[in-house]
file my_file_12.txt (compact mmCIF, C-alpha atoms)
# COMPACT_ATOMS: atom_id res chain seq x y z
CA MET J 1 4.57 -6.47 -47.79
CA SER J 2 5.49 -5.80 -44.18
CA ALA J 3 6.80 -2.26 -44.59
CA GLU J 4 7.30 -1.86 -40.84
CA ALA J 5 9.79 -4.68 -40.54
CA ALA J 6 13.41 -3.67 -40.98
CA PRO J 7 14.33 -6.46 -43.46
CA ALA J 8 11.87 -4.99 -45.99
CA ILE J 9 14.27 -2.07 -46.53
CA ASP J 10 17.40 -4.19 -46.38
CA PRO J 11 18.47 -4.27 -50.05
CA ILE J 12 20.86 -7.20 -49.55
CA HIS J 13 18.25 -9.48 -48.02
CA GLN J 14 17.12 -10.70 -51.45
CA PHE J 15 20.47 -12.43 -52.03
CA ASN J 16 20.34 -14.56 -48.86
CA ILE J 17 20.74 -18.26 -49.43
CA VAL J 18 18.13 -20.23 -47.51
CA ARG J 19 18.32 -23.98 -47.10
CA LEU J 20 15.14 -25.77 -48.10
CA GLY J 21 14.51 -29.11 -46.47
CA GLU J 22 17.07 -31.38 -44.86
CA PRO J 23 20.81 -30.53 -44.65
CA PHE J 24 22.67 -32.68 -47.14
CA HIS J 25 26.44 -33.24 -47.22
CA ILE J 26 28.65 -34.96 -49.78
CA GLY J 27 32.17 -35.62 -48.51
CA GLY J 28 32.12 -32.67 -46.12
CA VAL J 29 30.72 -30.28 -48.74
CA ASP J 30 27.37 -28.70 -47.94
CA ALA J 31 25.24 -29.69 -50.94
CA SER J 32 21.85 -28.94 -49.40
CA PHE J 33 18.98 -27.94 -51.64
CA THR J 34 18.66 -24.15 -51.31
CA ASN J 35 16.50 -21.44 -52.84
CA ALA J 36 19.31 -20.91 -55.38
CA SER J 37 19.11 -24.58 -56.37
CA LEU J 38 15.34 -24.30 -56.59
CA PHE J 39 15.53 -21.41 -59.04
CA MET J 40 18.20 -23.15 -61.10
CA VAL J 41 15.81 -26.09 -61.40
CA ILE J 42 12.99 -23.70 -62.34
CA VAL J 43 15.19 -22.08 -65.01
CA LEU J 44 16.13 -25.49 -66.43
CA GLY J 45 12.46 -26.51 -66.37
CA LEU J 46 11.39 -23.37 -68.23
CA ILE J 47 14.09 -23.84 -70.89
CA SER J 48 13.18 -27.53 -71.27
CA VAL J 49 9.47 -26.74 -71.57
CA LEU J 50 10.18 -24.05 -74.19
CA MET J 51 12.42 -26.29 -76.28
CA ILE J 52 10.38 -29.50 -75.93
CA ILE J 53 7.02 -27.89 -76.72
CA GLY J 54 8.65 -25.66 -79.33
CA THR J 55 10.13 -28.58 -81.23
CA SER J 56 7.25 -31.06 -80.77
CA SER J 57 4.87 -29.77 -83.44
CA LYS J 58 7.47 -29.31 -86.22
CA ALA J 59 5.05 -27.12 -88.18
CA VAL J 60 6.19 -25.50 -91.43
CA VAL J 61 4.45 -22.32 -90.32
CA PRO J 62 5.60 -22.09 -86.71
CA GLY J 63 3.29 -21.21 -83.87
CA ARG J 64 4.23 -18.85 -81.07
CA ILE J 65 6.25 -21.25 -78.93
CA GLN J 66 7.90 -22.86 -81.95
CA SER J 67 8.98 -19.53 -83.42
CA LEU J 68 10.36 -18.54 -80.02
CA ALA J 69 12.43 -21.73 -79.91
CA GLU J 70 13.58 -21.24 -83.52
CA MET J 71 14.44 -17.61 -82.88
CA SER J 72 16.63 -18.47 -79.90
CA TYR J 73 18.36 -21.18 -81.92
CA GLU J 74 19.02 -18.86 -84.87
CA PHE J 75 20.18 -16.01 -82.65
CA VAL J 76 22.78 -18.12 -80.86
CA ALA J 77 23.81 -19.89 -84.07
CA ASN J 78 24.43 -16.54 -85.80
CA THR J 79 26.43 -15.32 -82.82
CA VAL J 80 28.60 -18.45 -82.83
CA ARG J 81 29.16 -18.32 -86.60
CA SER J 82 30.06 -14.63 -86.62
CA ALA J 83 32.48 -14.86 -83.68
CA ALA J 84 34.05 -18.31 -84.05
CA GLY J 85 33.31 -19.29 -87.66
CA ASP J 86 31.73 -22.51 -88.87
CA ALA J 87 34.29 -24.51 -86.91
CA GLY J 88 32.85 -22.97 -83.76
CA MET J 89 29.52 -24.68 -84.38
CA ARG J 90 30.85 -27.83 -82.70
CA PHE J 91 30.57 -25.86 -79.47
CA PHE J 92 27.00 -24.81 -80.24
CA PRO J 93 25.39 -27.06 -77.57
CA LEU J 94 27.63 -25.55 -74.88
CA VAL J 95 27.13 -21.96 -76.02
CA PHE J 96 23.38 -22.39 -76.44
CA SER J 97 23.03 -23.92 -72.96
CA LEU J 98 25.07 -21.09 -71.45
CA PHE J 99 23.08 -18.38 -73.22
CA MET J 100 19.70 -19.87 -72.33
CA PHE J 101 20.69 -20.45 -68.71
CA VAL J 102 22.08 -16.94 -68.20
CA PHE J 103 19.26 -15.27 -70.12
CA PHE J 104 16.48 -17.15 -68.30
CA SER J 105 18.12 -16.62 -64.90
CA ASN J 106 18.46 -12.88 -65.56
CA MET J 107 14.88 -12.58 -66.79
CA LEU J 108 13.36 -14.74 -64.06
CA GLY J 109 15.21 -12.68 -61.47
CA LEU J 110 13.27 -9.58 -62.54
CA VAL J 111 9.97 -11.16 -61.46
CA PRO J 112 9.14 -10.05 -57.91
CA TYR J 113 9.73 -12.60 -55.11
CA THR J 114 12.15 -14.63 -57.23
CA PHE J 115 15.81 -15.33 -56.63
CA THR J 116 18.41 -14.23 -59.18
CA VAL J 117 20.80 -17.13 -59.66
CA THR J 118 23.28 -15.04 -61.69
CA SER J 119 23.64 -12.52 -58.84
CA GLN J 120 25.78 -15.11 -57.01
CA ILE J 121 29.47 -14.78 -57.95
CA ILE J 122 30.07 -18.49 -57.45
CA VAL J 123 27.46 -19.35 -60.09
CA THR J 124 28.84 -16.94 -62.70
CA PHE J 125 32.39 -17.97 -61.85
CA ALA J 126 31.49 -21.63 -62.30
CA LEU J 127 30.08 -20.80 -65.74
CA ALA J 128 33.18 -18.76 -66.69
CA ALA J 129 35.51 -21.48 -65.39
CA LEU J 130 33.61 -24.01 -67.50
CA VAL J 131 34.22 -21.85 -70.58
CA ILE J 132 37.94 -21.34 -69.87
CA LEU J 133 38.49 -25.02 -69.01
CA THR J 134 36.80 -25.97 -72.27
CA VAL J 135 39.13 -23.58 -74.11
CA LEU J 136 42.21 -25.03 -72.38
CA VAL J 137 41.27 -28.70 -72.75
CA TYR J 138 40.13 -28.40 -76.35
CA GLY J 139 43.12 -26.21 -77.26
CA PHE J 140 45.64 -28.69 -75.87
CA ILE J 141 43.88 -31.74 -77.33
CA LYS J 142 43.51 -30.18 -80.77
CA HIS J 143 46.80 -28.31 -81.08
CA GLY J 144 49.06 -29.80 -78.41
CA THR J 145 51.87 -27.48 -77.43
CA HIS J 146 51.10 -25.30 -80.42
CA PHE J 147 48.23 -23.95 -78.31
CA LEU J 148 50.86 -22.13 -76.23
CA HIS J 149 51.48 -19.89 -79.25
CA LEU J 150 48.43 -18.06 -77.93
CA PHE J 151 50.79 -16.53 -75.37
CA VAL J 152 53.67 -15.90 -77.78
CA PRO J 153 52.82 -13.29 -80.38
CA SER J 154 54.95 -13.35 -83.50
CA GLY J 155 57.40 -10.61 -84.40
CA VAL J 156 58.41 -9.63 -80.87
CA PRO J 157 62.11 -8.96 -80.08
CA ALA J 158 63.63 -11.73 -77.94
CA ALA J 159 64.57 -9.25 -75.20
CA LEU J 160 60.93 -8.32 -74.68
CA MET J 161 59.60 -11.88 -74.93
CA PRO J 162 59.47 -12.79 -71.19
CA PHE J 163 57.50 -9.66 -70.40
CA ILE J 164 55.11 -10.12 -73.30
CA VAL J 165 54.48 -13.75 -72.35
CA LEU J 166 53.85 -12.76 -68.71
CA ILE J 167 51.46 -10.03 -69.81
CA GLU J 168 49.63 -12.42 -72.14
CA VAL J 169 49.34 -15.00 -69.35
CA ILE J 170 47.96 -12.41 -66.92
CA SER J 171 45.58 -11.24 -69.62
CA PHE J 172 44.42 -14.83 -70.19
CA VAL J 173 43.97 -15.52 -66.47
CA SER J 174 41.95 -12.32 -66.12
CA ARG J 175 39.39 -13.55 -68.65
CA PRO J 176 37.32 -15.84 -66.42
CA ILE J 177 37.42 -13.19 -63.69
CA SER J 178 36.20 -10.37 -65.90
CA LEU J 179 33.64 -12.69 -67.51
CA SER J 180 32.14 -13.74 -64.17
CA VAL J 181 32.45 -10.44 -62.31
CA ARG J 182 30.79 -8.50 -65.12
CA LEU J 183 27.64 -10.62 -65.14
CA PHE J 184 27.50 -10.89 -61.35
CA ALA J 185 28.09 -7.17 -60.76
CA ASN J 186 25.49 -6.09 -63.31
CA MET J 187 22.82 -8.30 -61.78
CA LEU J 188 23.75 -7.44 -58.19
CA ALA J 189 23.86 -3.69 -58.82
CA GLY J 190 20.60 -3.65 -60.74
CA HIS J 191 18.69 -5.58 -58.10
CA ILE J 192 20.12 -3.53 -55.23
CA THR J 193 19.15 -0.32 -57.04
CA LEU J 194 15.58 -1.55 -57.52
CA LYS J 195 15.33 -2.56 -53.86
CA VAL J 196 16.73 0.78 -52.65
CA PHE J 197 14.20 2.73 -54.68
CA GLY J 198 11.46 0.40 -53.43
CA GLY J 199 12.64 1.15 -49.90
CA PHE J 200 12.31 4.89 -50.63
CA ILE J 201 8.65 4.38 -51.54
CA THR J 202 7.77 2.58 -48.31
CA MET J 203 9.68 5.15 -46.24
CA MET J 204 8.01 8.11 -47.99
CA ILE J 205 4.54 6.62 -47.64
CA GLY J 206 5.27 6.11 -43.98
CA ALA J 207 6.13 9.82 -43.67
CA GLY J 208 2.56 11.01 -44.30
CA ALA J 209 0.44 12.78 -46.92
CA ILE J 210 3.25 14.76 -48.54
CA GLY J 211 5.31 11.59 -48.66
CA ILE J 212 2.64 9.74 -50.62
CA VAL J 213 2.75 12.45 -53.32
CA ALA J 214 6.54 12.50 -53.33
CA ALA J 215 6.63 8.69 -53.56
CA ALA J 216 5.56 9.03 -57.19
CA LEU J 217 9.14 10.03 -58.03
CA PRO J 218 10.91 6.83 -56.92
CA MET J 219 7.97 4.89 -58.36
CA ALA J 220 8.62 6.44 -61.78
CA ALA J 221 12.32 5.69 -61.32
CA ILE J 222 11.49 2.04 -60.61
CA VAL J 223 9.41 1.77 -63.78
CA ALA J 224 12.27 3.21 -65.85
CA LEU J 225 14.86 1.09 -64.06
CA THR J 226 12.87 -2.10 -64.58
CA ALA J 227 12.78 -1.43 -68.31
CA PHE J 228 16.51 -0.74 -68.21
CA GLU J 229 17.13 -3.92 -66.23
CA LEU J 230 15.31 -5.92 -68.92
CA LEU J 231 17.77 -4.48 -71.44
CA VAL J 232 20.71 -5.25 -69.15
CA ALA J 233 19.46 -8.80 -68.53
CA PHE J 234 19.48 -9.48 -72.26
CA LEU J 235 22.69 -7.58 -73.04
CA GLN J 236 24.69 -9.29 -70.32
CA ALA J 237 23.55 -12.72 -71.48
CA TYR J 238 24.53 -11.70 -75.01
CA VAL J 239 27.92 -10.32 -73.94
CA PHE J 240 28.61 -13.50 -71.97
CA THR J 241 27.75 -15.57 -75.05
CA ILE J 242 29.77 -13.56 -77.54
CA LEU J 243 32.85 -13.51 -75.30
CA THR J 244 32.51 -17.27 -74.85
CA CYS J 245 32.59 -17.55 -78.64
CA VAL J 246 35.60 -15.23 -78.89
CA TYR J 247 37.52 -17.31 -76.32
CA LEU J 248 36.51 -20.57 -78.02
CA ASN J 249 37.78 -19.06 -81.27
CA ASP J 250 41.19 -18.78 -79.58
CA ALA J 251 41.05 -22.50 -78.83
CA ILE J 252 40.13 -23.34 -82.42
CA HIS J 253 42.66 -20.99 -84.04
CA PRO J 254 45.53 -20.21 -81.63
CA GLY J 255 48.53 -18.12 -82.56
CA HIS J 256 47.12 -15.28 -84.62
CA MET B 1 -29.91 11.45 -105.56
CA THR B 2 -27.05 13.39 -107.11
CA LYS B 3 -26.42 15.73 -104.29
CA LEU B 4 -22.73 16.22 -105.18
CA THR B 5 -22.54 19.64 -106.69
CA ASP B 6 -19.36 21.08 -108.16
CA ASN B 7 -18.86 22.93 -104.94
CA ASP B 8 -18.98 19.71 -102.96
CA GLN B 9 -16.54 18.04 -105.34
CA THR B 10 -13.91 20.73 -104.92
CA ASP B 11 -14.49 20.58 -101.21
CA LEU B 12 -13.88 16.85 -101.24
CA LYS B 13 -10.75 17.25 -103.30
CA ALA B 14 -9.39 19.86 -100.96
CA ARG B 15 -10.08 17.59 -98.01
CA LEU B 16 -8.37 14.67 -99.73
CA GLU B 17 -5.33 16.81 -100.44
CA LYS B 18 -5.23 17.92 -96.83
CA LEU B 19 -5.45 14.36 -95.53
CA LYS B 20 -2.78 13.23 -97.97
CA SER B 21 -0.31 15.88 -96.94
CA GLY B 22 -1.13 15.19 -93.30
CA LEU B 23 -0.47 11.48 -93.79
CA GLU B 24 2.80 12.14 -95.54
CA ALA B 25 3.94 14.52 -92.82
CA HIS B 26 3.06 11.87 -90.23
CA LYS B 27 4.97 9.19 -92.14
CA ALA B 28 8.00 11.42 -92.48
CA ALA B 29 7.87 12.27 -88.80
CA GLU B 30 7.59 8.58 -87.87
CA GLN B 31 10.51 7.67 -90.07
CA HIS B 32 12.56 10.48 -88.61
CA HIS B 33 11.55 9.38 -85.14
CA SER B 34 12.53 5.77 -85.70
CA GLN B 35 15.81 6.82 -87.26
CA SER B 36 16.77 9.20 -84.51
CA SER B 37 15.48 7.56 -81.34
CA GLY B 38 15.14 3.86 -82.13
CA PRO B 39 18.75 2.96 -82.89
CA LYS B 40 19.88 5.59 -80.40
CA ALA B 41 18.40 3.68 -77.46
CA GLU B 42 19.94 0.47 -78.78
CA ASN B 43 23.31 2.18 -79.26
CA MET B 44 23.11 3.46 -75.71
CA GLY B 45 22.70 -0.08 -74.40
CA GLN B 46 25.50 -1.38 -76.61
CA ALA B 47 27.78 1.48 -75.68
CA MET B 48 27.12 0.84 -72.00
CA SER B 49 27.84 -2.86 -72.30
CA LEU B 50 31.04 -2.04 -74.18
CA GLY B 51 32.03 0.43 -71.48
CA ILE B 52 31.38 -2.09 -68.72
CA ARG B 53 33.35 -4.65 -70.70
CA VAL B 54 36.36 -2.36 -71.03
CA LEU B 55 36.22 -1.47 -67.33
CA SER B 56 35.90 -5.07 -66.13
CA GLU B 57 38.69 -6.34 -68.40
CA PHE B 58 41.03 -3.63 -67.19
CA ILE B 59 40.24 -4.13 -63.50
CA ALA B 60 40.37 -7.93 -63.78
CA ALA B 61 43.89 -7.81 -65.27
CA VAL B 62 45.13 -5.47 -62.54
CA VAL B 63 43.55 -7.63 -59.82
CA VAL B 64 45.00 -10.83 -61.28
CA GLY B 65 48.44 -9.24 -61.52
CA GLY B 66 48.27 -8.01 -57.94
CA LEU B 67 47.05 -11.37 -56.59
CA LEU B 68 49.73 -13.31 -58.48
CA GLY B 69 52.48 -11.02 -57.18
CA TRP B 70 51.13 -11.19 -53.63
CA GLN B 71 50.95 -14.98 -53.73
CA PHE B 72 54.46 -15.36 -55.22
CA ASP B 73 55.77 -12.97 -52.56
CA SER B 74 54.33 -15.02 -49.74
CA TRP B 75 55.75 -18.21 -51.27
CA LEU B 76 59.22 -16.89 -51.97
CA GLY B 77 59.46 -14.41 -49.11
CA THR B 78 60.47 -11.49 -51.34
CA ALA B 79 58.12 -9.08 -49.61
CA PRO B 80 57.11 -6.21 -51.87
CA VAL B 81 59.26 -6.81 -54.97
CA LEU B 82 57.13 -9.30 -56.91
CA LEU B 83 53.88 -7.64 -55.84
CA LEU B 84 55.03 -4.38 -57.38
CA LEU B 85 56.40 -6.09 -60.49
CA PHE B 86 53.25 -8.13 -61.10
CA LEU B 87 51.00 -5.19 -60.31
CA LEU B 88 52.84 -3.23 -62.99
CA LEU B 89 52.54 -6.17 -65.40
CA GLY B 90 48.85 -6.44 -64.53
CA ILE B 91 48.30 -2.77 -65.34
CA ILE B 92 50.09 -3.24 -68.66
CA ALA B 93 47.99 -6.34 -69.34
CA GLY B 94 44.87 -4.31 -68.51
CA PHE B 95 45.82 -1.64 -71.03
CA TRP B 96 46.66 -4.40 -73.50
CA ASN B 97 43.17 -5.88 -73.00
CA VAL B 98 41.58 -2.48 -73.54
CA TYR B 99 43.73 -1.89 -76.61
CA ARG B 100 42.67 -5.25 -78.05
CA ILE B 101 38.98 -4.39 -77.59
CA ALA B 102 39.51 -0.98 -79.18
CA ALA B 103 41.71 -2.16 -82.05
CA ALA B 104 39.69 -5.24 -82.99
CA PRO B 105 36.93 -4.85 -85.56
CA PRO B 106 33.56 -4.82 -83.76
CA ARG B 107 32.47 -8.13 -85.25
CA PRO B 108 34.80 -10.59 -87.00
CA ALA B 109 32.26 -11.26 -89.73
CA ILE B 110 34.69 -12.94 -92.09
CA ASN B 111 34.91 -16.68 -91.82
CA PRO B 112 38.30 -17.26 -90.16
CA ASP B 113 38.67 -20.61 -91.93
CA LYS B 114 39.04 -18.83 -95.25
CA THR B 115 41.35 -16.02 -94.21
CA GLY B 116 44.57 -17.95 -93.89
CA TYR B 117 44.38 -18.50 -90.13
CA LYS B 118 45.42 -22.08 -90.73
CA THR B 119 48.81 -21.07 -92.10
CA LYS B 120 50.27 -20.41 -88.70
CA GLU B 121 53.43 -18.54 -88.00
call {"tool": "encode", "arguments": {"input": "my_file_12.txt", "output": "structure tokens"}}
result
Amino acid sequence: MSAEAAPAIDPIHQFNIVRLGEPFHIGGVDASFTNASLFMVIVLGLISVLMIIGTSSKAVVPGRIQSLAEMSYEFVANTVRSAAGDAGMRFFPLVFSLFMFVFFSNMLGLVPYTFTVTSQIIVTFALAALVILTVLVYGFIKHGTHFLHLFVPSGVPAALMPFIVLIEVISFVSRPISLSVRLFANMLAGHITLKVFGGFITMMIGAGAIGIVAAALPMAAIVALTAFELLVAFLQAYVFTILTCVYLNDAIHPGH
Amino acid sequence: MTKLTDNDQTDLKARLEKLKSGLEAHKAAEQHHSQSSGPKAENMGQAMSLGIRVLSEFIAAVVVGGLLGWQFDSWLGTAPVLLLLFLLLGIIAGFWNVYRIAAAPPRPAINPDKTGYKTKE
């Protein structure tokens, strides 16, 4: 904790991408292994460990890890069934992977000295684009051109139709953007707030005896904010999941 | 051996009564506490996530409308016309998004397969 150094108070520093190891390019695209990649691998490892150990014992009375794995399965399964119906369960592997990845990334990011993968807009946008592309591809394969009825509500006067269709298209295109920006902005804002309050503490302690007493205030704020960030980390993963299910429901049942 | 006199017995009874009423008051207070503050904190989180959802859906639609209009303008060379038109459409789409969130039931609990969704218009 080098409080004297300027980067310690720089709240954006935590989001820097640092290349680890050799530079690596595929067809002109920089695909080097970075700290973001490292934490994605860690997240995947944690999820794999949880699910593999959790499902290995197959006990009737589950142990701690097994009940954790079963709980996460049941939670996501209930979410999918309530938002997209039983037909939505064919997308369960996708939705479960998304939920676990987002949830574990959010939670791991709250541990000090870690990197929050979901605070990078490109990561959340890739996840949202995956969801929307799944909706489009599945919708067109399953329903063909009937899928376009999603943009044509019934019972609209013909004169208004072009405007309504344009509005529906804009509304559809805005979905991946709102889906990705919401998750990214929540994570970014929360982590910057924590860092700024942490910076207050180091600055106040540097100011002398009165500062050390006054530093208790931002410290209390950090404790409260960390608890709040835990709630946000879960809620945003949940919101991402439930909206994924709602959009998939559009692909399964267009034109309502 | 029998040191419990009548006096002691009534004392004991009084103490029991006191403890009982104390326990009941504590239980009632706990129940009241869990009813008032427990779901309240949860509701606060849910309300905040709903608020952020409404905000982001509205802003995303406006931004998409603006970007589409801007891009079409630079392709077709119709400087501000399409930008303004699509910005307006984006704002309408934003309100439409917000309306859909507000008008929809909070959780579509009914199985859509059984509610006639398959009989399409």
call {"tool": "closest_atom_pairs", "arguments": {"input": "my_file_12.txt", "of": "chain J", "to": "chain B", "cutoff": "6 Å", "atoms": "all atoms listed in the file", "output": "Markdown table"}}
result
| residue | atom | partner | partner_atom | distance |
| --- | --- | --- | --- | --- |
| J:Ser82 | CA | B:Ala109 | CA | 5.1 |
| J:Ala83 | CA | B:Pro108 | CA | 5.9 |
| J:Gly85 | CA | B:Asn111 | CA | 5.2 |
| J:Ile167 | CA | B:Ala93 | CA | 5.1 |
| J:Ser171 | CA | B:Ala93 | CA | 5.5 |
| J:Ser174 | CA | B:Ala61 | CA | 5.0 |
| J:Ser178 | CA | B:Ala60 | CA | 5.3 |
call {"tool": "residues_around", "arguments": {"input": "my_file_12.txt", "residues": "Leu136 of chain J", "least_positions_apart": "5", "cutoff": "10 Å", "atoms": "all atoms listed in the file", "output": "list in words"}}
result
Leu130, Val131, Ile141, Lys142, Phe147, Leu148, Tyr247, Leu248, Asp250 and Ala251 of chain J
call {"tool": "residues_around", "arguments": {"input": "my_file_12.txt", "residues": "segment 225-238 of chain J", "least_positions_apart": "2", "cutoff": "9 Å", "atoms": "all atoms listed in the file", "output": "ChimeraX atom specification"}}
result
/J:76,79,98-107,110,182-183,186-187,190-191,193-194,220-223,240-243 /B:45-46,49
call {"tool": "atom_distance", "arguments": {"input": "my_file_12.txt", "atom1": "atom CA of Ala36 of chain J", "atom2": "atom CA of Phe96 of chain J"}}
result
21.5 Å
call {"tool": "closest_residue", "arguments": {"input": "my_file_12.txt", "among": "J:Ile201, J:Ala215, J:Leu94, J:Val196", "to": "His13 of chain J", "atoms": "only C-alpha atoms"}}
result
J:Val196
call {"tool": "atom_distance", "arguments": {"input": "my_file_12.txt", "atom1": "atom CA of Ala102 of chain B", "atom2": "atom CA of Gly51 of chain B"}}
result
10.8 Å
call {"tool": "build_atoms", "arguments": {"input": "my_file_12.txt", "residues": "segment 92-100 of chain B", "atoms": "all heavy atoms", "output": "tab-separated table (two decimals), in the coordinates of the input"}}
result
chain	number	residue	atom	x	y	z
B	92	ILE	N	49.78	-3.20	-67.23
B	92	ILE	CA	50.09	-3.24	-68.66
B	92	ILE	C	49.14	-4.20	-69.37
B	92	ILE	O	48.61	-3.91	-70.44
B	92	ILE	CB	51.56	-3.66	-68.89
B	92	ILE	CG1	52.51	-2.63	-68.25
B	92	ILE	CG2	51.86	-3.78	-70.37
B	92	ILE	CD1	53.94	-3.06	-68.23
B	93	ALA	N	48.90	-5.37	-68.73
B	93	ALA	CA	47.99	-6.34	-69.34
B	93	ALA	C	46.58	-5.76	-69.45
B	93	ALA	O	45.87	-6.00	-70.43
B	93	ALA	CB	47.96	-7.63	-68.51
B	94	GLY	N	46.18	-4.96	-68.45
B	94	GLY	CA	44.87	-4.31	-68.51
B	94	GLY	C	44.77	-3.37	-69.70
B	94	GLY	O	43.81	-3.40	-70.47
B	95	PHE	N	45.82	-2.54	-69.88
B	95	PHE	CA	45.82	-1.64	-71.03
B	95	PHE	C	45.85	-2.43	-72.33
B	95	PHE	O	45.22	-2.05	-73.32
B	95	PHE	CB	47.02	-0.68	-70.96
B	95	PHE	CG	46.78	0.49	-70.07
B	95	PHE	CD1	47.54	0.70	-68.95
B	95	PHE	CD2	45.76	1.38	-70.36
B	95	PHE	CE1	47.30	1.77	-68.11
B	95	PHE	CE2	45.51	2.45	-69.54
B	95	PHE	CZ	46.29	2.65	-68.41
B	96	TRP	N	46.56	-3.55	-72.31
B	96	TRP	CA	46.66	-4.40	-73.50
B	96	TRP	C	45.28	-4.96	-73.84
B	96	TRP	O	44.87	-4.99	-75.01
B	96	TRP	CB	47.69	-5.50	-73.22
B	96	TRP	CG	47.95	-6.48	-74.31
B	96	TRP	CD1	48.01	-7.84	-74.16
B	96	TRP	CD2	48.20	-6.22	-75.70
B	96	TRP	NE1	48.29	-8.42	-75.37
B	96	TRP	CE2	48.40	-7.46	-76.34
B	96	TRP	CE3	48.26	-5.06	-76.46
B	96	TRP	CZ2	48.65	-7.58	-77.69
B	96	TRP	CZ3	48.51	-5.17	-77.82
B	96	TRP	CH2	48.71	-6.42	-78.40
B	97	ASN	N	44.54	-5.41	-72.79
B	97	ASN	CA	43.17	-5.88	-73.00
B	97	ASN	C	42.30	-4.80	-73.62
B	97	ASN	O	41.57	-5.05	-74.59
B	97	ASN	CB	42.53	-6.28	-71.66
B	97	ASN	CG	42.98	-7.64	-71.18
B	97	ASN	OD1	43.59	-8.39	-71.93
B	97	ASN	ND2	42.69	-7.95	-69.94
B	98	VAL	N	42.40	-3.59	-73.05
B	98	VAL	CA	41.58	-2.48	-73.54
B	98	VAL	C	41.96	-2.16	-74.98
B	98	VAL	O	41.10	-1.94	-75.84
B	98	VAL	CB	41.75	-1.24	-72.64
B	98	VAL	CG1	41.04	-0.04	-73.24
B	98	VAL	CG2	41.21	-1.53	-71.26
B	99	TYR	N	43.28	-2.17	-75.25
B	99	TYR	CA	43.73	-1.89	-76.61
B	99	TYR	C	43.17	-2.92	-77.59
B	99	TYR	O	42.75	-2.59	-78.69
B	99	TYR	CB	45.27	-1.90	-76.66
B	99	TYR	CG	45.81	-1.83	-78.06
B	99	TYR	CD1	45.80	-0.64	-78.77
B	99	TYR	CD2	46.29	-2.98	-78.69
B	99	TYR	CE1	46.27	-0.58	-80.06
B	99	TYR	CE2	46.76	-2.93	-79.98
B	99	TYR	CZ	46.75	-1.72	-80.66
B	99	TYR	OH	47.21	-1.67	-81.94
B	100	ARG	N	43.17	-4.20	-77.15
B	100	ARG	CA	42.67	-5.25	-78.05
B	100	ARG	C	41.20	-5.07	-78.36
B	100	ARG	O	40.76	-5.30	-79.47
B	100	ARG	CB	42.91	-6.62	-77.44
B	100	ARG	CG	44.06	-7.32	-78.12
B	100	ARG	CD	44.06	-8.78	-77.83
B	100	ARG	NE	44.13	-9.00	-76.39
B	100	ARG	CZ	44.93	-9.87	-75.82
B	100	ARG	NH1	45.75	-10.58	-76.56
B	100	ARG	NH2	44.93	-10.04	-74.53
